[in-house]
Amino acid sequence: MILKPARLTPLTSQFFAKLMIEAGIPAGVLNVVSSASASNVSGPIMEDPRLRKISFTGSTAAGRKIGAVASEKLKRVHLELGGNNVAIVLPGADVDLAASAGATGSFFHQGQICMSTGRHIVHQDVHDEYVDRLVARAEALAVGDPSTEQVHLGPIIDEKQLKNIDSVVQDSLTAGAVARTGADHDGLFYRPTVLTDVTPDMPAWSQEIFGPVAPVHRVASVDEAVELTNASEYGL
């Protein structure tokens, strides 16, 4: 088995390998290969005929390339890619519990996980209460350096991703979204952000943000919520 970590997060894989060695895995069974350039390492590994299966977690764009290689070489492949997950809040819901789940979904690990909640579809009957509770939870979260402080949210992984998050937020604000809280940052520390009046044509709705942002869209009926959820053009 060859484990190739993302170039920005090599240490987690090293720690994992260390645990496997301590657990007694035979030498040479698990191999960790770190590189600043994915193409220089991943390409030859994937095309090697001794490799029978490829498992990848990462972006949709990279997943398409890996899927093409696997198809050409007739290798088994498992892809766990990006997404734009939806939380739906309808009348009759426990709004406080829903807001708690929504905050966790959007802000956990600074939103930098593919399972994060990228969109909140909320019925108009509970919309205002839900947003108020979501904003309160966002503003209660401490943001800072987890190595020196007791915080809930740490930094965005790098400057490029920070700029991408802020670009999506600012472009959505220009298009008419409203920032109820957040929408700013101090260095790499992006504050938990709640956007309302978000429409499906805005970047905050149609793109995977991969940051601590909760875009909220108000709907007038259950049918509208279902239609938005199923619309393939509004998500990845």
# chains A, B, ... in the order shown; residues from 1 in each chain; ligands from 1
$ select_by_dssp --residues "stretch 41-121 of chain A" --states "alpha helix (DSSP H)" --output "ChimeraX atom specification"
/A:41-47,60-73,95-107
$ residues_around --residues "A:Ala214" --least-positions-apart "6" --cutoff "9 Å" --atoms "only C-alpha atoms" --output "list of chain:residue names"
A:Gly102, A:Ala103, A:Gly105, A:Ser106, A:Phe107, A:Thr117, A:Gly118, A:Arg119, A:His120, A:Leu134, A:Pro192, A:Thr193, A:Val194, A:Leu195, A:Thr196, A:Ala204
$ select_by_dssp --residues "stretch 38-148 of chain A" --states "strand (DSSP E or B)" --output "list in words"
Lys53, Ile54, Ser55, Phe56, Thr57, Arg76, Val77, His78, Leu79, Glu80, Asn85, Val86, Ala87, Ile88, Val89, Thr117, Gly118, Arg119, His120, Ile121, Val122, His123 and Val143 of chain A
$ closest_residue --among "A:Leu188, A:His78, A:Gly43, A:Met1" --to "A:Ile25" --atoms "only C-alpha atoms"
A:Met1
$ atom_distance --atom1 "atom CA of A:Val151" --atom2 "atom CA of A:Tyr190"
12.9 Å
$ residues_around --residues "stretch 16-23 of chain A" --least-positions-apart "4" --cutoff "12 Å" --atoms "only C-alpha atoms" --output "PDB file with N, CA and C atoms, in the first residue's frame"
ATOM      1  N   MET A   1       0.841  -1.183   0.000  1.00  0.00           N
ATOM      2  CA  MET A   1       0.000   0.000   0.000  1.00  0.00           C
ATOM      3  C   MET A   1       0.883   1.243   0.000  1.00  0.00           C
ATOM      4  N   ILE A   2       0.528   2.195  -0.858  1.00  0.00           N
ATOM      5  CA  ILE A   2       1.255   3.465  -0.923  1.00  0.00           C
ATOM      6  C   ILE A   2       0.304   4.579  -0.520  1.00  0.00           C
ATOM      7  N   LEU A   3       0.686   5.336   0.481  1.00  0.00           N
ATOM      8  CA  LEU A   3      -0.126   6.449   0.963  1.00  0.00           C
ATOM      9  C   LEU A   3       0.537   7.752   0.532  1.00  0.00           C
ATOM     10  N   LYS A   4      -0.153   8.533  -0.313  1.00  0.00           N
ATOM     11  CA  LYS A   4       0.373   9.800  -0.799  1.00  0.00           C
ATOM     12  C   LYS A   4      -0.471  10.930  -0.199  1.00  0.00           C
ATOM     13  N   PRO A   5       0.050  11.621   0.835  1.00  0.00           N
ATOM     14  CA  PRO A   5      -0.730  12.708   1.437  1.00  0.00           C
ATOM     15  C   PRO A   5      -0.730  13.950   0.552  1.00  0.00           C
ATOM     16  N   PRO A  10       1.227  16.745   5.110  1.00  0.00           N
ATOM     17  CA  PRO A  10       1.985  15.485   5.131  1.00  0.00           C
ATOM     18  C   PRO A  10       2.084  14.837   6.504  1.00  0.00           C
ATOM     19  N   LEU A  11       1.965  15.612   7.575  1.00  0.00           N
ATOM     20  CA  LEU A  11       2.253  15.067   8.899  1.00  0.00           C
ATOM     21  C   LEU A  11       1.227  14.046   9.363  1.00  0.00           C
ATOM     22  N   THR A  12      -0.031  14.238   8.997  1.00  0.00           N
ATOM     23  CA  THR A  12      -1.067  13.304   9.427  1.00  0.00           C
ATOM     24  C   THR A  12      -0.754  11.889   8.940  1.00  0.00           C
ATOM     25  N   ALA A  27       6.999  -4.655   7.888  1.00  0.00           N
ATOM     26  CA  ALA A  27       7.751  -3.641   7.163  1.00  0.00           C
ATOM     27  C   ALA A  27       7.486  -3.742   5.666  1.00  0.00           C
ATOM     28  N   GLY A  28       7.285  -2.599   5.032  1.00  0.00           N
ATOM     29  CA  GLY A  28       7.089  -2.557   3.590  1.00  0.00           C
ATOM     30  C   GLY A  28       5.657  -2.686   3.140  1.00  0.00           C
ATOM     31  N   VAL A  29       4.734  -3.013   4.047  1.00  0.00           N
ATOM     32  CA  VAL A  29       3.332  -3.134   3.657  1.00  0.00           C
ATOM     33  C   VAL A  29       2.724  -1.756   3.410  1.00  0.00           C
ATOM     34  N   LEU A  30       2.997  -0.822   4.303  1.00  0.00           N
ATOM     35  CA  LEU A  30       2.502   0.546   4.163  1.00  0.00           C
ATOM     36  C   LEU A  30       3.684   1.469   3.893  1.00  0.00           C
ATOM     37  N   ASN A  31       3.584   2.228   2.813  1.00  0.00           N
ATOM     38  CA  ASN A  31       4.654   3.145   2.424  1.00  0.00           C
ATOM     39  C   ASN A  31       4.077   4.539   2.238  1.00  0.00           C
ATOM     40  N   VAL A  32       4.684   5.519   2.876  1.00  0.00           N
ATOM     41  CA  VAL A  32       4.235   6.910   2.761  1.00  0.00           C
ATOM     42  C   VAL A  32       5.194   7.653   1.837  1.00  0.00           C
ATOM     43  N   VAL A  33       4.622   8.269   0.817  1.00  0.00           N
ATOM     44  CA  VAL A  33       5.418   9.032  -0.151  1.00  0.00           C
ATOM     45  C   VAL A  33       4.918  10.476  -0.138  1.00  0.00           C
TER      46      VAL A  33
END
$ atom_distance --atom1 "atom CA of A:His185" --atom2 "atom CA of A:His217"
23.4 Å
$ residues_around --residues "A:Ala99" --least-positions-apart "3" --cutoff "9 Å" --atoms "only C-alpha atoms" --output "PyMOL selection string"
chain A and resi 89+94-96+102-104+130-135+137
$ write_last_selection --atoms "N, CA, C and O atoms" --output "PDB file, in the first residue's frame"
ATOM      1  N   VAL A  89     -34.403  22.934   6.600  1.00  0.00           N
ATOM      2  CA  VAL A  89     -35.121  23.184   7.855  1.00  0.00           C
ATOM      3  C   VAL A  89     -36.555  23.566   7.502  1.00  0.00           C
ATOM      4  O   VAL A  89     -36.800  24.588   6.858  1.00  0.00           O
ATOM      5  N   ASP A  94     -37.237  21.276  15.324  1.00  0.00           N
ATOM      6  CA  ASP A  94     -36.680  21.885  16.529  1.00  0.00           C
ATOM      7  C   ASP A  94     -35.621  22.876  16.047  1.00  0.00           C
ATOM      8  O   ASP A  94     -34.512  22.498  15.679  1.00  0.00           O
ATOM      9  N   VAL A  95     -35.980  24.157  16.016  1.00  0.00           N
ATOM     10  CA  VAL A  95     -35.130  25.161  15.378  1.00  0.00           C
ATOM     11  C   VAL A  95     -33.791  25.302  16.098  1.00  0.00           C
ATOM     12  O   VAL A  95     -32.742  25.479  15.463  1.00  0.00           O
ATOM     13  N   ASP A  96     -33.811  25.207  17.413  1.00  0.00           N
ATOM     14  CA  ASP A  96     -32.559  25.335  18.154  1.00  0.00           C
ATOM     15  C   ASP A  96     -31.624  24.175  17.827  1.00  0.00           C
ATOM     16  O   ASP A  96     -30.425  24.370  17.603  1.00  0.00           O
ATOM     17  N   GLY A 102     -26.665  22.930  12.072  1.00  0.00           N
ATOM     18  CA  GLY A 102     -26.232  23.750  10.948  1.00  0.00           C
ATOM     19  C   GLY A 102     -24.911  24.435  11.212  1.00  0.00           C
ATOM     20  O   GLY A 102     -24.044  24.522  10.329  1.00  0.00           O
ATOM     21  N   ALA A 103     -24.724  24.928  12.431  1.00  0.00           N
ATOM     22  CA  ALA A 103     -23.462  25.584  12.793  1.00  0.00           C
ATOM     23  C   ALA A 103     -22.314  24.580  12.775  1.00  0.00           C
ATOM     24  O   ALA A 103     -21.230  24.863  12.254  1.00  0.00           O
ATOM     25  N   THR A 104     -22.557  23.405  13.334  1.00  0.00           N
ATOM     26  CA  THR A 104     -21.523  22.369  13.310  1.00  0.00           C
ATOM     27  C   THR A 104     -21.182  21.992  11.877  1.00  0.00           C
ATOM     28  O   THR A 104     -20.006  21.866  11.504  1.00  0.00           O
ATOM     29  N   TYR A 130     -34.333  30.678  12.819  1.00  0.00           N
ATOM     30  CA  TYR A 130     -33.168  29.840  12.507  1.00  0.00           C
ATOM     31  C   TYR A 130     -31.926  30.704  12.296  1.00  0.00           C
ATOM     32  O   TYR A 130     -30.860  30.429  12.854  1.00  0.00           O
ATOM     33  N   VAL A 131     -32.058  31.763  11.514  1.00  0.00           N
ATOM     34  CA  VAL A 131     -30.911  32.630  11.235  1.00  0.00           C
ATOM     35  C   VAL A 131     -30.407  33.280  12.522  1.00  0.00           C
ATOM     36  O   VAL A 131     -29.198  33.353  12.767  1.00  0.00           O
ATOM     37  N   ASP A 132     -31.318  33.768  13.357  1.00  0.00           N
ATOM     38  CA  ASP A 132     -30.911  34.400  14.621  1.00  0.00           C
ATOM     39  C   ASP A 132     -30.099  33.427  15.478  1.00  0.00           C
ATOM     40  O   ASP A 132     -29.071  33.801  16.060  1.00  0.00           O
ATOM     41  N   ARG A 133     -30.569  32.188  15.550  1.00  0.00           N
ATOM     42  CA  ARG A 133     -29.876  31.197  16.383  1.00  0.00           C
ATOM     43  C   ARG A 133     -28.543  30.779  15.738  1.00  0.00           C
ATOM     44  O   ARG A 133     -27.558  30.552  16.446  1.00  0.00           O
ATOM     45  N   LEU A 134     -28.524  30.704  14.419  1.00  0.00           N
ATOM     46  CA  LEU A 134     -27.285  30.358  13.722  1.00  0.00           C
ATOM     47  C   LEU A 134     -26.239  31.455  13.901  1.00  0.00           C
ATOM     48  O   LEU A 134     -25.061  31.171  14.153  1.00  0.00           O
ATOM     49  N   VAL A 135     -26.672  32.704  13.812  1.00  0.00           N
ATOM     50  CA  VAL A 135     -25.768  33.837  14.009  1.00  0.00           C
ATOM     51  C   VAL A 135     -25.220  33.844  15.433  1.00  0.00           C
ATOM     52  O   VAL A 135     -24.016  34.067  15.659  1.00  0.00           O
ATOM     53  N   ARG A 137     -24.758  31.349  17.412  1.00  0.00           N
ATOM     54  CA  ARG A 137     -23.762  30.291  17.552  1.00  0.00           C
ATOM     55  C   ARG A 137     -22.455  30.669  16.855  1.00  0.00           C
ATOM     56  O   ARG A 137     -21.364  30.388  17.360  1.00  0.00           O
TER      57      ARG A 137
END
$ residues_around --residues "A:Met115" --least-positions-apart "3" --cutoff "10 Å" --atoms "only C-alpha atoms" --output "short mmCIF file (atom, residue, chain, number, x, y, z; two decimals) with all heavy atoms, in the first residue's frame"
data_model
loop_
_atom_site.label_atom_id
_atom_site.label_comp_id
_atom_site.auth_asym_id
_atom_site.auth_seq_id
_atom_site.Cartn_x
_atom_site.Cartn_y
_atom_site.Cartn_z
N LEU A 81 -14.98 12.74 -3.44
CA LEU A 81 -14.65 14.05 -3.99
C LEU A 81 -15.41 15.18 -3.30
O LEU A 81 -16.02 14.99 -2.25
CB LEU A 81 -14.93 14.04 -5.50
CG LEU A 81 -14.29 12.87 -6.26
CD1 LEU A 81 -14.69 12.90 -7.72
CD2 LEU A 81 -12.78 12.89 -6.10
N GLY A 82 -15.35 16.35 -3.92
CA GLY A 82 -16.01 17.53 -3.35
C GLY A 82 -17.52 17.42 -3.43
O GLY A 82 -18.08 16.55 -4.10
N GLY A 83 -18.19 18.33 -2.76
CA GLY A 83 -19.64 18.34 -2.78
C GLY A 83 -20.17 19.68 -2.31
O GLY A 83 -19.42 20.60 -2.00
N ASN A 84 -21.48 19.79 -2.27
CA ASN A 84 -22.11 21.02 -1.81
C ASN A 84 -23.36 20.62 -1.04
O ASN A 84 -24.48 20.75 -1.53
CB ASN A 84 -22.45 21.93 -3.00
CG ASN A 84 -22.59 23.38 -2.59
OD1 ASN A 84 -22.56 23.70 -1.40
ND2 ASN A 84 -22.75 24.26 -3.56
N ASN A 85 -23.15 20.12 0.17
CA ASN A 85 -24.20 19.48 0.94
C ASN A 85 -25.25 20.48 1.44
O ASN A 85 -24.95 21.65 1.69
CB ASN A 85 -23.58 18.75 2.12
CG ASN A 85 -22.48 17.79 1.69
OD1 ASN A 85 -22.71 16.92 0.88
ND2 ASN A 85 -21.28 18.00 2.20
N VAL A 86 -26.46 19.98 1.59
CA VAL A 86 -27.60 20.83 1.93
C VAL A 86 -28.20 20.45 3.28
O VAL A 86 -28.38 19.27 3.57
CB VAL A 86 -28.70 20.72 0.85
CG1 VAL A 86 -29.88 21.62 1.18
CG2 VAL A 86 -28.15 21.07 -0.52
N GLY A 105 -22.21 21.84 11.06
CA GLY A 105 -22.00 21.44 9.68
C GLY A 105 -21.19 22.43 8.87
O GLY A 105 -20.37 22.04 8.03
N SER A 106 -21.41 23.72 9.11
CA SER A 106 -20.72 24.74 8.31
C SER A 106 -19.38 25.19 8.88
O SER A 106 -18.50 25.62 8.13
CB SER A 106 -21.62 25.97 8.14
OG SER A 106 -22.68 25.71 7.26
N PHE A 108 -17.41 23.40 11.47
CA PHE A 108 -16.48 22.39 12.00
C PHE A 108 -15.23 22.31 11.12
O PHE A 108 -15.32 22.25 9.89
CB PHE A 108 -17.20 21.03 12.05
CG PHE A 108 -16.40 19.93 12.68
CD1 PHE A 108 -16.01 20.01 14.00
CD2 PHE A 108 -16.05 18.81 11.95
CE1 PHE A 108 -15.28 18.98 14.59
CE2 PHE A 108 -15.33 17.77 12.51
CZ PHE A 108 -14.94 17.87 13.84
N GLY A 111 -14.87 24.57 8.19
CA GLY A 111 -15.56 24.23 6.96
C GLY A 111 -14.69 23.53 5.95
O GLY A 111 -15.10 23.32 4.80
N GLN A 112 -13.49 23.13 6.34
CA GLN A 112 -12.52 22.56 5.39
C GLN A 112 -12.61 21.04 5.34
O GLN A 112 -11.61 20.32 5.42
CB GLN A 112 -11.11 23.00 5.77
CG GLN A 112 -10.92 24.51 5.68
CD GLN A 112 -9.52 24.95 6.08
OE1 GLN A 112 -8.75 25.45 5.27
NE2 GLN A 112 -9.19 24.77 7.35
N GLY A 118 -22.81 23.12 3.00
CA GLY A 118 -22.53 24.24 2.12
C GLY A 118 -23.71 25.12 1.83
O GLY A 118 -23.54 26.26 1.37
N PHE A 210 -15.61 25.57 0.97
CA PHE A 210 -14.54 24.97 1.76
C PHE A 210 -13.99 25.96 2.79
O PHE A 210 -12.78 26.12 2.96
CB PHE A 210 -13.41 24.46 0.86
CG PHE A 210 -12.90 23.10 1.27
CD1 PHE A 210 -13.72 21.99 1.20
CD2 PHE A 210 -11.62 22.93 1.74
CE1 PHE A 210 -13.27 20.73 1.57
CE2 PHE A 210 -11.14 21.68 2.14
CZ PHE A 210 -11.98 20.58 2.04
#
$ atom_distance --atom1 "atom CA of A:Ser221" --atom2 "atom CA of A:Glu208"
25.0 Å
$ closest_atom_pairs --of "stretch 69-160 of chain A" --to "stretch 45-61 of chain A" --cutoff "9 Å" --atoms "only C-alpha atoms" --output "tab-separated table"
residue	atom	partner	partner_atom	distance
A:Val69	CA	A:Glu47	CA	7.3
A:Ala70	CA	A:Ile54	CA	7.5
A:Lys73	CA	A:Glu47	CA	7.1
A:Leu74	CA	A:Arg52	CA	8.5
A:Lys75	CA	A:Arg52	CA	5.4
A:Arg76	CA	A:Lys53	CA	4.6
A:Val77	CA	A:Ile54	CA	4.7
A:His78	CA	A:Ser55	CA	4.6
A:Leu79	CA	A:Phe56	CA	5.0
A:Glu80	CA	A:Thr57	CA	4.7
A:Leu81	CA	A:Gly58	CA	5.1
A:Gly82	CA	A:Ser59	CA	5.3
A:Gly83	CA	A:Thr60	CA	8.2
A:Cys114	CA	A:Gly58	CA	8.3
$ closest_residue --among "A:Asp186, A:Ala136, A:Asp128, A:Gly144" --to "A:Glu159" --atoms "only C-alpha atoms"
A:Asp186
